[in-house]
Structure formats: structure tokens, C-alpha cells
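Below is the file final-v5.csv, which contains CSV, N, CA and C atoms.
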```csv
chain,number,residue,atom,x,y,z
A,1,MET,N,0.8,-1.2,0.0
A,1,MET,CA,0.0,0.0,0.0
A,1,MET,C,0.9,1.2,0.0
A,2,THR,N,0.5,2.2,-0.7
A,2,THR,CA,1.2,3.5,-0.8
A,2,THR,C,1.2,4.2,0.5
A,3,GLU,N,2.4,4.7,0.9
A,3,GLU,CA,2.5,5.4,2.2
A,3,GLU,C,2.1,6.9,1.9
A,4,PRO,N,1.1,7.4,2.5
A,4,PRO,CA,0.7,8.8,2.3
A,4,PRO,C,1.8,9.8,2.7
A,5,ILE,N,1.8,10.9,2.0
A,5,ILE,CA,2.6,12.0,2.4
A,5,ILE,C,1.9,12.8,3.5
A,6,TYR,N,2.5,13.1,4.6
A,6,TYR,CA,1.9,13.8,5.7
A,6,TYR,C,2.5,15.2,5.8
A,7,ALA,N,1.7,16.1,6.3
A,7,ALA,CA,2.2,17.5,6.6
A,7,ALA,C,3.1,17.5,7.8
A,8,ASN,N,2.8,16.7,8.8
A,8,ASN,CA,3.6,16.7,10.0
A,8,ASN,C,3.2,15.4,10.8
A,9,ASP,N,3.8,15.3,12.0
A,9,ASP,CA,3.5,14.1,12.8
A,9,ASP,C,2.0,14.0,13.3
A,10,LYS,N,1.4,15.2,13.6
A,10,LYS,CA,0.0,15.2,14.0
A,10,LYS,C,-0.9,14.7,12.9
A,11,HIS,N,-0.6,15.2,11.7
A,11,HIS,CA,-1.4,14.8,10.5
A,11,HIS,C,-1.2,13.3,10.3
A,12,ARG,N,0.0,12.8,10.4
A,12,ARG,CA,0.3,11.4,10.2
A,12,ARG,C,-0.6,10.6,11.2
A,13,VAL,N,-0.6,10.9,12.5
A,13,VAL,CA,-1.4,10.1,13.5
A,13,VAL,C,-2.9,10.2,13.1
A,14,ILE,N,-3.4,11.3,12.8
A,14,ILE,CA,-4.8,11.5,12.5
A,14,ILE,C,-5.2,10.7,11.3
A,15,ILE,N,-4.4,10.8,10.2
A,15,ILE,CA,-4.7,10.1,9.0
A,15,ILE,C,-4.5,8.6,9.1
A,16,GLU,N,-3.5,8.1,9.8
A,16,GLU,CA,-3.2,6.7,9.9
A,16,GLU,C,-4.4,6.0,10.7
A,17,THR,N,-4.8,6.7,11.8
A,17,THR,CA,-5.9,6.2,12.6
A,17,THR,C,-7.2,6.1,11.8
A,18,TYR,N,-7.4,7.1,11.0
A,18,TYR,CA,-8.6,7.2,10.2
A,18,TYR,C,-8.6,6.1,9.1
A,19,ILE,N,-7.5,5.9,8.4
A,19,ILE,CA,-7.4,4.9,7.4
A,19,ILE,C,-7.6,3.5,8.0
A,20,THR,N,-7.0,3.3,9.1
A,20,THR,CA,-7.1,2.0,9.8
A,20,THR,C,-8.5,1.7,10.1
A,21,MET,N,-9.2,2.7,10.7
A,21,MET,CA,-10.6,2.4,11.1
A,21,MET,C,-11.5,2.1,9.8
A,22,CYS,N,-11.3,2.9,8.8
A,22,CYS,CA,-12.1,2.7,7.6
A,22,CYS,C,-11.9,1.3,7.0
A,23,LYS,N,-10.6,0.9,7.0
A,23,LYS,CA,-10.3,-0.4,6.4
A,23,LYS,C,-10.9,-1.5,7.3
A,24,GLU,N,-10.8,-1.4,8.6
A,24,GLU,CA,-11.4,-2.4,9.5
A,24,GLU,C,-12.9,-2.5,9.3
A,25,PHE,N,-13.6,-1.3,9.2
A,25,PHE,CA,-15.0,-1.4,9.0
A,25,PHE,C,-15.3,-2.2,7.7
A,26,ALA,N,-14.6,-1.8,6.6
A,26,ALA,CA,-14.9,-2.5,5.3
A,26,ALA,C,-14.6,-4.0,5.4
A,27,LYS,N,-13.5,-4.3,6.1
A,27,LYS,CA,-13.1,-5.7,6.2
A,27,LYS,C,-14.2,-6.5,6.9
A,28,GLU,N,-14.8,-6.0,8.0
A,28,GLU,CA,-15.8,-6.6,8.8
A,28,GLU,C,-17.0,-7.0,8.0
A,29,VAL,N,-17.4,-6.3,7.0
A,29,VAL,CA,-18.7,-6.5,6.3
A,29,VAL,C,-18.5,-7.1,4.9
A,30,SER,N,-17.4,-7.5,4.6
A,30,SER,CA,-17.2,-8.0,3.2
A,30,SER,C,-16.4,-9.3,3.1
A,31,THR,N,-16.5,-9.8,1.9
A,31,THR,CA,-15.7,-11.0,1.6
A,31,THR,C,-14.2,-10.5,1.3
A,32,LYS,N,-13.3,-11.5,1.2
A,32,LYS,CA,-11.9,-11.2,1.0
A,32,LYS,C,-11.8,-10.5,-0.4
A,33,SER,N,-12.4,-11.0,-1.4
A,33,SER,CA,-12.3,-10.4,-2.8
A,33,SER,C,-12.9,-9.0,-2.8
A,34,ARG,N,-14.0,-8.8,-2.2
A,34,ARG,CA,-14.6,-7.4,-2.2
A,34,ARG,C,-13.7,-6.5,-1.4
A,35,TYR,N,-13.2,-7.0,-0.3
A,35,TYR,CA,-12.3,-6.1,0.5
A,35,TYR,C,-11.0,-5.8,-0.3
A,36,ASN,N,-10.5,-6.7,-1.1
A,36,ASN,CA,-9.3,-6.4,-1.9
A,36,ASN,C,-9.7,-5.3,-3.0
A,37,ASN,N,-10.9,-5.4,-3.5
A,37,ASN,CA,-11.4,-4.3,-4.4
A,37,ASN,C,-11.4,-3.0,-3.7
A,38,TYR,N,-11.9,-3.0,-2.5
A,38,TYR,CA,-12.0,-1.7,-1.7
A,38,TYR,C,-10.5,-1.2,-1.5
A,39,LEU,N,-9.6,-2.1,-1.2
A,39,LEU,CA,-8.2,-1.6,-1.0
A,39,LEU,C,-7.6,-1.0,-2.3
A,40,GLU,N,-8.1,-1.5,-3.4
A,40,GLU,CA,-7.6,-0.8,-4.7
A,40,GLU,C,-8.1,0.6,-4.8
A,41,VAL,N,-9.3,0.9,-4.3
A,41,VAL,CA,-9.9,2.2,-4.3
A,41,VAL,C,-9.1,3.1,-3.3
A,42,VAL,N,-8.8,2.5,-2.1
A,42,VAL,CA,-8.0,3.2,-1.1
A,42,VAL,C,-6.7,3.6,-1.7
A,43,GLU,N,-6.1,2.7,-2.4
A,43,GLU,CA,-4.8,3.0,-3.1
A,43,GLU,C,-4.9,4.2,-4.1
A,44,ILE,N,-5.9,4.2,-4.8
A,44,ILE,CA,-6.1,5.3,-5.8
A,44,ILE,C,-6.2,6.7,-5.0
A,45,ILE,N,-6.9,6.7,-3.9
A,45,ILE,CA,-7.1,7.9,-3.1
A,45,ILE,C,-5.7,8.3,-2.5
A,46,LEU,N,-5.0,7.4,-2.1
A,46,LEU,CA,-3.6,7.7,-1.5
A,46,LEU,C,-2.7,8.2,-2.6
A,47,GLU,N,-2.7,7.6,-3.8
A,47,GLU,CA,-1.9,8.1,-4.9
A,47,GLU,C,-2.3,9.5,-5.3
A,48,TYR,N,-3.6,9.8,-5.3
A,48,TYR,CA,-4.1,11.1,-5.7
A,48,TYR,C,-3.7,12.1,-4.7
A,49,SER,N,-3.8,11.8,-3.4
A,49,SER,CA,-3.3,12.7,-2.3
A,49,SER,C,-1.8,13.0,-2.5
A,50,ASN,N,-1.0,11.9,-2.7
A,50,ASN,CA,0.4,12.1,-2.8
A,50,ASN,C,0.8,12.9,-4.0
A,51,ASN,N,0.0,12.9,-5.1
A,51,ASN,CA,0.4,13.6,-6.3
A,51,ASN,C,-0.3,14.9,-6.4
A,52,TYR,N,-1.1,15.3,-5.4
A,52,TYR,CA,-1.8,16.6,-5.5
A,52,TYR,C,-0.8,17.7,-5.4
A,53,GLY,N,-1.0,18.7,-6.3
A,53,GLY,CA,-0.1,19.8,-6.3
A,53,GLY,C,0.8,19.8,-7.5
A,54,SER,N,0.8,18.6,-8.2
A,54,SER,CA,1.7,18.5,-9.3
A,54,SER,C,1.1,19.2,-10.6
A,55,GLY,N,-0.2,19.4,-10.6
A,55,GLY,CA,-0.9,20.1,-11.7
A,55,GLY,C,-0.8,21.6,-11.5
A,56,THR,N,-1.0,22.3,-12.5
A,56,THR,CA,-0.8,23.8,-12.4
A,56,THR,C,-1.9,24.5,-11.6
A,57,ARG,N,-3.1,23.9,-11.4
A,57,ARG,CA,-4.1,24.5,-10.7
A,57,ARG,C,-4.4,23.8,-9.3
A,58,GLU,N,-3.5,23.0,-8.9
A,58,GLU,CA,-3.7,22.3,-7.6
A,58,GLU,C,-2.6,22.7,-6.6
A,59,ASP,N,-2.9,23.5,-5.7
A,59,ASP,CA,-1.9,23.9,-4.8
A,59,ASP,C,-2.4,24.4,-3.4
A,60,ASN,N,-3.7,24.1,-3.1
A,60,ASN,CA,-4.2,24.5,-1.9
A,60,ASN,C,-3.9,23.5,-0.7
A,61,PHE,N,-3.2,24.0,0.3
A,61,PHE,CA,-2.8,23.2,1.4
A,61,PHE,C,-4.0,22.5,2.1
A,62,TRP,N,-5.0,23.3,2.4
A,62,TRP,CA,-6.1,22.7,3.1
A,62,TRP,C,-6.9,21.7,2.3
A,63,ASP,N,-7.0,22.0,1.0
A,63,ASP,CA,-7.7,21.0,0.1
A,63,ASP,C,-6.9,19.7,0.2
A,64,TRP,N,-5.6,19.8,0.1
A,64,TRP,CA,-4.8,18.6,0.2
A,64,TRP,C,-4.9,17.8,1.5
A,65,MET,N,-5.0,18.6,2.6
A,65,MET,CA,-5.1,17.9,3.9
A,65,MET,C,-6.3,17.1,4.1
A,66,LEU,N,-7.4,17.5,3.3
A,66,LEU,CA,-8.7,16.8,3.5
A,66,LEU,C,-9.0,15.8,2.4
A,67,ILE,N,-8.1,15.6,1.4
A,67,ILE,CA,-8.3,14.7,0.4
A,67,ILE,C,-8.6,13.3,0.9
A,68,ILE,N,-7.7,12.8,1.8
A,68,ILE,CA,-7.9,11.4,2.3
A,68,ILE,C,-9.2,11.3,3.1
A,69,PRO,N,-9.4,12.1,4.1
A,69,PRO,CA,-10.6,11.9,4.9
A,69,PRO,C,-11.9,12.0,4.1
A,70,ILE,N,-12.1,13.0,3.2
A,70,ILE,CA,-13.3,13.1,2.5
A,70,ILE,C,-13.5,12.0,1.4
A,71,ASN,N,-12.5,11.8,0.6
A,71,ASN,CA,-12.6,10.8,-0.4
A,71,ASN,C,-12.7,9.4,0.2
A,72,LEU,N,-12.0,9.1,1.2
A,72,LEU,CA,-12.2,7.8,1.8
A,72,LEU,C,-13.5,7.6,2.5
A,73,ALA,N,-14.1,8.7,3.0
A,73,ALA,CA,-15.5,8.6,3.6
A,73,ALA,C,-16.5,8.2,2.5
A,74,VAL,N,-16.4,8.9,1.4
A,74,VAL,CA,-17.3,8.7,0.2
A,74,VAL,C,-17.1,7.3,-0.3
A,75,ALA,N,-15.8,6.9,-0.5
A,75,ALA,CA,-15.5,5.5,-1.0
A,75,ALA,C,-16.1,4.5,0.0
A,76,THR,N,-15.9,4.6,1.2
A,76,THR,CA,-16.3,3.6,2.2
A,76,THR,C,-17.8,3.6,2.3
A,77,ASN,N,-18.5,4.7,2.2
A,77,ASN,CA,-20.0,4.7,2.2
A,77,ASN,C,-20.5,4.0,0.9
A,78,GLY,N,-19.8,4.3,-0.2
A,78,GLY,CA,-20.2,3.6,-1.4
A,78,GLY,C,-20.0,2.1,-1.3
A,79,PHE,N,-18.9,1.7,-0.7
A,79,PHE,CA,-18.6,0.3,-0.5
A,79,PHE,C,-19.7,-0.3,0.4
A,80,PHE,N,-20.1,0.4,1.4
A,80,PHE,CA,-21.1,-0.1,2.3
A,80,PHE,C,-22.4,-0.3,1.5
A,81,ALA,N,-22.8,0.6,0.7
A,81,ALA,CA,-24.0,0.5,-0.1
A,81,ALA,C,-23.9,-0.8,-1.0
A,82,GLY,N,-22.8,-1.1,-1.5
A,82,GLY,CA,-22.6,-2.2,-2.4
A,82,GLY,C,-22.6,-3.6,-1.7
A,83,VAL,N,-22.2,-3.6,-0.4
A,83,VAL,CA,-22.2,-4.9,0.3
A,83,VAL,C,-23.3,-5.1,1.2
A,84,GLU,N,-24.2,-4.1,1.4
A,84,GLU,CA,-25.3,-4.2,2.4
A,84,GLU,C,-26.3,-5.3,1.9
A,85,THR,N,-26.7,-6.1,2.8
A,85,THR,CA,-27.7,-7.1,2.5
A,85,THR,C,-28.7,-7.1,3.7
A,86,ARG,N,-29.7,-7.9,3.6
A,86,ARG,CA,-30.7,-8.0,4.7
A,86,ARG,C,-30.0,-8.5,5.9
A,87,SER,N,-29.1,-9.5,5.8
A,87,SER,CA,-28.5,-10.1,6.9
A,87,SER,C,-27.5,-9.2,7.6
A,88,ASN,N,-26.9,-8.3,6.9
A,88,ASN,CA,-25.8,-7.4,7.5
A,88,ASN,C,-26.2,-6.0,7.6
A,89,SER,N,-27.5,-5.6,7.3
A,89,SER,CA,-27.9,-4.2,7.2
A,89,SER,C,-27.7,-3.5,8.5
A,90,ALA,N,-28.0,-4.1,9.7
A,90,ALA,CA,-27.8,-3.5,11.0
A,90,ALA,C,-26.4,-3.1,11.2
A,91,VAL,N,-25.5,-4.0,10.9
A,91,VAL,CA,-24.1,-3.8,11.2
A,91,VAL,C,-23.6,-2.7,10.2
A,92,VAL,N,-24.0,-2.8,9.0
A,92,VAL,CA,-23.5,-1.8,8.0
A,92,VAL,C,-24.0,-0.4,8.4
A,93,ARG,N,-25.3,-0.3,8.8
A,93,ARG,CA,-25.8,1.0,9.2
A,93,ARG,C,-25.1,1.6,10.4
A,94,ALA,N,-24.8,0.7,11.3
A,94,ALA,CA,-24.0,1.1,12.5
A,94,ALA,C,-22.6,1.7,12.1
A,95,TYR,N,-22.0,1.0,11.2
A,95,TYR,CA,-20.7,1.4,10.7
A,95,TYR,C,-20.8,2.8,10.0
A,96,ARG,N,-21.9,3.0,9.3
A,96,ARG,CA,-22.1,4.2,8.6
A,96,ARG,C,-22.2,5.4,9.6
A,97,ILE,N,-22.9,5.2,10.7
A,97,ILE,CA,-23.1,6.2,11.7
A,97,ILE,C,-21.7,6.5,12.3
A,98,VAL,N,-21.0,5.4,12.7
A,98,VAL,CA,-19.7,5.6,13.3
A,98,VAL,C,-18.7,6.3,12.3
A,99,LEU,N,-18.8,5.9,11.0
A,99,LEU,CA,-17.9,6.6,10.0
A,99,LEU,C,-18.2,8.0,9.9
A,100,ASP,N,-19.5,8.4,9.9
A,100,ASP,CA,-19.9,9.8,9.9
A,100,ASP,C,-19.3,10.6,11.0
A,101,GLU,N,-19.4,10.0,12.2
A,101,GLU,CA,-18.8,10.7,13.4
A,101,GLU,C,-17.3,10.7,13.2
A,102,LEU,N,-16.7,9.7,12.7
A,102,LEU,CA,-15.2,9.6,12.6
A,102,LEU,C,-14.7,10.6,11.6
A,103,VAL,N,-15.4,10.8,10.5
A,103,VAL,CA,-14.9,11.7,9.5
A,103,VAL,C,-15.0,13.2,10.0
A,104,GLN,N,-16.1,13.4,10.7
A,104,GLN,CA,-16.3,14.8,11.3
A,104,GLN,C,-15.2,15.0,12.4
A,105,ASP,N,-14.9,14.1,13.2
A,105,ASP,CA,-13.8,14.2,14.2
A,105,ASP,C,-12.5,14.4,13.5
A,106,THR,N,-12.2,13.6,12.5
A,106,THR,CA,-10.9,13.7,11.7
A,106,THR,C,-10.8,15.1,11.1
A,107,VAL,N,-11.8,15.6,10.4
A,107,VAL,CA,-11.8,16.9,9.8
A,107,VAL,C,-11.6,18.0,10.9
A,108,ASN,N,-12.2,17.9,12.0
A,108,ASN,CA,-12.1,18.9,13.1
A,108,ASN,C,-10.6,18.9,13.6
A,109,LYS,N,-10.0,17.7,13.7
A,109,LYS,CA,-8.7,17.6,14.2
A,109,LYS,C,-7.7,18.2,13.2
A,110,ILE,N,-7.9,17.9,11.9
A,110,ILE,CA,-7.1,18.5,10.9
A,110,ILE,C,-7.2,20.0,10.8
A,111,ASP,N,-8.4,20.5,11.0
A,111,ASP,CA,-8.6,21.9,11.0
A,111,ASP,C,-7.9,22.7,12.1
A,112,LYS,N,-7.5,22.0,13.2
A,112,LYS,CA,-6.8,22.6,14.3
A,112,LYS,C,-5.3,22.5,14.1
A,113,ILE,N,-4.8,21.8,13.1
A,113,ILE,CA,-3.4,21.8,12.8
A,113,ILE,C,-2.9,23.1,12.2
A,114,GLU,N,-1.9,23.7,12.8
A,114,GLU,CA,-1.4,25.0,12.3
A,114,GLU,C,-0.2,24.7,11.3
A,115,PRO,N,-0.3,25.3,10.1
A,115,PRO,CA,0.9,25.1,9.2
A,115,PRO,C,2.1,25.8,9.8
A,116,ILE,N,3.2,25.2,9.7
A,116,ILE,CA,4.5,25.8,10.2
A,116,ILE,C,5.4,25.9,9.0
A,117,LYS,N,5.9,27.1,8.8
A,117,LYS,CA,6.9,27.4,7.8
A,117,LYS,C,8.2,26.9,8.3
A,118,GLU,N,8.9,26.1,7.5
A,118,GLU,CA,10.2,25.7,7.9
A,118,GLU,C,11.3,26.2,7.0
```
Translate this structure into C-alpha cells?
Amino acid sequence: MTEPIYANDKHRVIIETYITMCKEFAKEVSTKSRYNNYLEVVEIILEYSNNYGSGTREDNFWDWMLIIPINLAVATNGFFAGVETRSNSAVVRAYRIVLDELVQDTVNKIDKIEPIKE
């Protein structure tokens, strides 16, 4: 898996925790092959985040800081929609609620990070 580029150690801890939680939620409600498909999408998100800013119109620090949390929340919710069945709907819905809280918490923590010029 691609190692994300982080702004600093606080950003690293926040993002690593968030990615781990999303991956665990997805793993719990899916088969191995579907989970591997989910990991491919996660990989695309991480690569996009790492390459952000290489284009001529991409250079907003705060946009970059939120690429992983926002895109991963959307991808994970889409994944949940695809794997939800009658037998697992209660668990999937519970994970959706927790994911919503988790993404809000993650964004709030990132918002408190102060950029430091080095």
C-alpha cells in the first residue's frame, strides 16, 4: 500500500488512525475479494493525495489535507452500499453512523493543525 505524504506528525497520526478504522469497517462487512477491491480504491485515493499539487491549478494546502478523509469517507460509504444485505444491514448502518462521526472528528482535528513554515 502507498504510504501517504503527511504534513507533520500530528497529521500522520490522525490520517493513519482514520485509514485503519475505515479499512477495518470495510473488512468486517465484506468478503476477501470485495475487500481487496476496496483496498484498490483506497490505493487510488492515497496516490491522488500524494500527487496533489503537481498540476498547475492544484496547490491549496487545506484541500490537500482533506483529500484522504473526504474521499475515503465517500468511498467507504459507497462500498457499504454495495455490500449491504438483509442479513448485515444493521451492522452496515451502525458502521455508517460511526464513519460519519469519525470523518467529522478527523476533519475537526485536521482543522486545528497549524501550518508551520520551515
Give me, as CSV, the closest atom pair and its distance (Å, one decimal) for every residue of region 50-76 of chain A within a cut-off of 8 Å of region 80-84 of chain A, counting all atoms listed in the file, rows sorted by chain and rising number.
```
residue,atom,partner,partner_atom,distance
A:Val74,C,A:Phe80,N,7.7
A:Ala75,C,A:Phe80,N,5.9
A:Thr76,C,A:Phe80,N,4.0
```
Sorted per-residue table, region 63-104 of chain A near region 10-34 of chain A, closest atoms and distance, 10 Å, only C-alpha atoms, as JSON lines:
```
{"residue": "A:Met65", "atom": "CA", "partner": "A:His11", "partner_atom": "CA", "distance": 8.2}
{"residue": "A:Leu66", "atom": "CA", "partner": "A:Ile15", "partner_atom": "CA", "distance": 9.5}
{"residue": "A:Ile68", "atom": "CA", "partner": "A:Ile15", "partner_atom": "CA", "distance": 7.5}
{"residue": "A:Pro69", "atom": "CA", "partner": "A:Tyr18", "partner_atom": "CA", "distance": 7.4}
{"residue": "A:Leu72", "atom": "CA", "partner": "A:Cys22", "partner_atom": "CA", "distance": 7.7}
{"residue": "A:Ala73", "atom": "CA", "partner": "A:Cys22", "partner_atom": "CA", "distance": 7.9}
{"residue": "A:Ala75", "atom": "CA", "partner": "A:Cys22", "partner_atom": "CA", "distance": 9.7}
{"residue": "A:Thr76", "atom": "CA", "partner": "A:Cys22", "partner_atom": "CA", "distance": 6.9}
{"residue": "A:Asn77", "atom": "CA", "partner": "A:Ala26", "partner_atom": "CA", "distance": 9.4}
{"residue": "A:Phe79", "atom": "CA", "partner": "A:Ala26", "partner_atom": "CA", "distance": 7.4}
{"residue": "A:Phe80", "atom": "CA", "partner": "A:Ala26", "partner_atom": "CA", "distance": 7.3}
{"residue": "A:Gly82", "atom": "CA", "partner": "A:Arg34", "partner_atom": "CA", "distance": 9.5}
{"residue": "A:Val83", "atom": "CA", "partner": "A:Ser30", "partner_atom": "CA", "distance": 6.6}
{"residue": "A:Glu84", "atom": "CA", "partner": "A:Val29", "partner_atom": "CA", "distance": 8.0}
{"residue": "A:Thr85", "atom": "CA", "partner": "A:Val29", "partner_atom": "CA", "distance": 9.8}
{"residue": "A:Asn88", "atom": "CA", "partner": "A:Val29", "partner_atom": "CA", "distance": 7.3}
{"residue": "A:Ser89", "atom": "CA", "partner": "A:Val29", "partner_atom": "CA", "distance": 9.5}
{"residue": "A:Val91", "atom": "CA", "partner": "A:Val29", "partner_atom": "CA", "distance": 7.8}
{"residue": "A:Val92", "atom": "CA", "partner": "A:Val29", "partner_atom": "CA", "distance": 6.9}
{"residue": "A:Ala94", "atom": "CA", "partner": "A:Phe25", "partner_atom": "CA", "distance": 10.0}
{"residue": "A:Tyr95", "atom": "CA", "partner": "A:Phe25", "partner_atom": "CA", "distance": 6.6}
{"residue": "A:Arg96", "atom": "CA", "partner": "A:Phe25", "partner_atom": "CA", "distance": 9.1}
{"residue": "A:Val98", "atom": "CA", "partner": "A:Phe25", "partner_atom": "CA", "distance": 9.5}
{"residue": "A:Leu99", "atom": "CA", "partner": "A:Cys22", "partner_atom": "CA", "distance": 7.4}
{"residue": "A:Leu102", "atom": "CA", "partner": "A:Tyr18", "partner_atom": "CA", "distance": 7.4}
{"residue": "A:Val103", "atom": "CA", "partner": "A:Tyr18", "partner_atom": "CA", "distance": 7.8}
```
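In this structure, atom C of Met1 (chain A) sits 10.3 Å away from atom N of Ile45 (chain A).
Between CA of Phe61 (chain A) and atom N of Thr106 (chain A) lies a distance of 17.4 Å.
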**OP:** Could you tell me how far atom N of Glu3 (chain A) lies from atom N of Ile67 (chain A), in Å and to one decimal?
**Re:** 15.1 Å
Write only C-alpha atoms for region 21-92 of chain A from the block just shown, as a short mmCIF file (atom, residue, chain, number, x, y, z; two decimals), in the first residue's frame.
```
data_model
loop_
_atom_site.label_atom_id
_atom_site.label_comp_id
_atom_site.auth_asym_id
_atom_site.auth_seq_id
_atom_site.Cartn_x
_atom_site.Cartn_y
_atom_site.Cartn_z
CA MET A 21 -10.63 2.45 11.07
CA CYS A 22 -12.14 2.69 7.57
CA LYS A 23 -10.27 -0.39 6.42
CA GLU A 24 -11.37 -2.37 9.49
CA PHE A 25 -15.02 -1.37 8.97
CA ALA A 26 -14.87 -2.50 5.34
CA LYS A 27 -13.11 -5.74 6.20
CA GLU A 28 -15.75 -6.64 8.79
CA VAL A 29 -18.68 -6.49 6.35
CA SER A 30 -17.20 -7.99 3.20
CA THR A 31 -15.65 -11.00 1.59
CA LYS A 32 -11.93 -11.16 0.96
CA SER A 33 -12.28 -10.42 -2.77
CA ARG A 34 -14.57 -7.43 -2.20
CA TYR A 35 -12.26 -6.13 0.49
CA ASN A 36 -9.34 -6.37 -1.93
CA ASN A 37 -11.38 -4.31 -4.42
CA TYR A 38 -11.96 -1.75 -1.68
CA LEU A 39 -8.20 -1.62 -0.99
CA GLU A 40 -7.62 -0.83 -4.68
CA VAL A 41 -9.87 2.22 -4.31
CA VAL A 42 -8.02 3.24 -1.13
CA GLU A 43 -4.77 2.98 -3.08
CA ILE A 44 -6.13 5.33 -5.77
CA ILE A 45 -7.10 7.86 -3.10
CA LEU A 46 -3.64 7.72 -1.50
CA GLU A 47 -1.91 8.11 -4.86
CA TYR A 48 -4.13 11.09 -5.69
CA SER A 49 -3.31 12.68 -2.34
CA ASN A 50 0.43 12.12 -2.81
CA ASN A 51 0.37 13.59 -6.30
CA TYR A 52 -1.83 16.56 -5.45
CA GLY A 53 -0.14 19.82 -6.32
CA SER A 54 1.71 18.50 -9.34
CA GLY A 55 -0.88 20.11 -11.65
CA THR A 56 -0.85 23.79 -12.44
CA ARG A 57 -4.14 24.50 -10.66
CA GLU A 58 -3.67 22.27 -7.62
CA ASP A 59 -1.88 23.92 -4.76
CA ASN A 60 -4.25 24.53 -1.87
CA PHE A 61 -2.79 23.18 1.37
CA TRP A 62 -6.13 22.75 3.14
CA ASP A 63 -7.68 20.97 0.15
CA TRP A 64 -4.75 18.56 0.18
CA MET A 65 -5.06 17.95 3.93
CA LEU A 66 -8.68 16.84 3.47
CA ILE A 67 -8.31 14.67 0.35
CA ILE A 68 -7.91 11.42 2.26
CA PRO A 69 -10.64 11.88 4.89
CA ILE A 70 -13.31 13.13 2.50
CA ASN A 71 -12.58 10.81 -0.40
CA LEU A 72 -12.16 7.79 1.85
CA ALA A 73 -15.48 8.55 3.59
CA VAL A 74 -17.27 8.71 0.24
CA ALA A 75 -15.55 5.53 -1.00
CA THR A 76 -16.30 3.65 2.21
CA ASN A 77 -19.96 4.70 2.21
CA GLY A 78 -20.22 3.62 -1.42
CA PHE A 79 -18.62 0.32 -0.51
CA PHE A 80 -21.12 -0.14 2.31
CA ALA A 81 -23.98 0.48 -0.12
CA GLY A 82 -22.61 -2.22 -2.39
CA VAL A 83 -22.18 -4.89 0.27
CA GLU A 84 -25.29 -4.23 2.36
CA THR A 85 -27.73 -7.15 2.50
CA ARG A 86 -30.70 -8.01 4.67
CA SER A 87 -28.52 -10.09 6.94
CA ASN A 88 -25.83 -7.45 7.54
CA SER A 89 -27.86 -4.23 7.22
CA ALA A 90 -27.85 -3.47 10.96
CA VAL A 91 -24.06 -3.77 11.16
CA VAL A 92 -23.51 -1.76 7.97
#
```
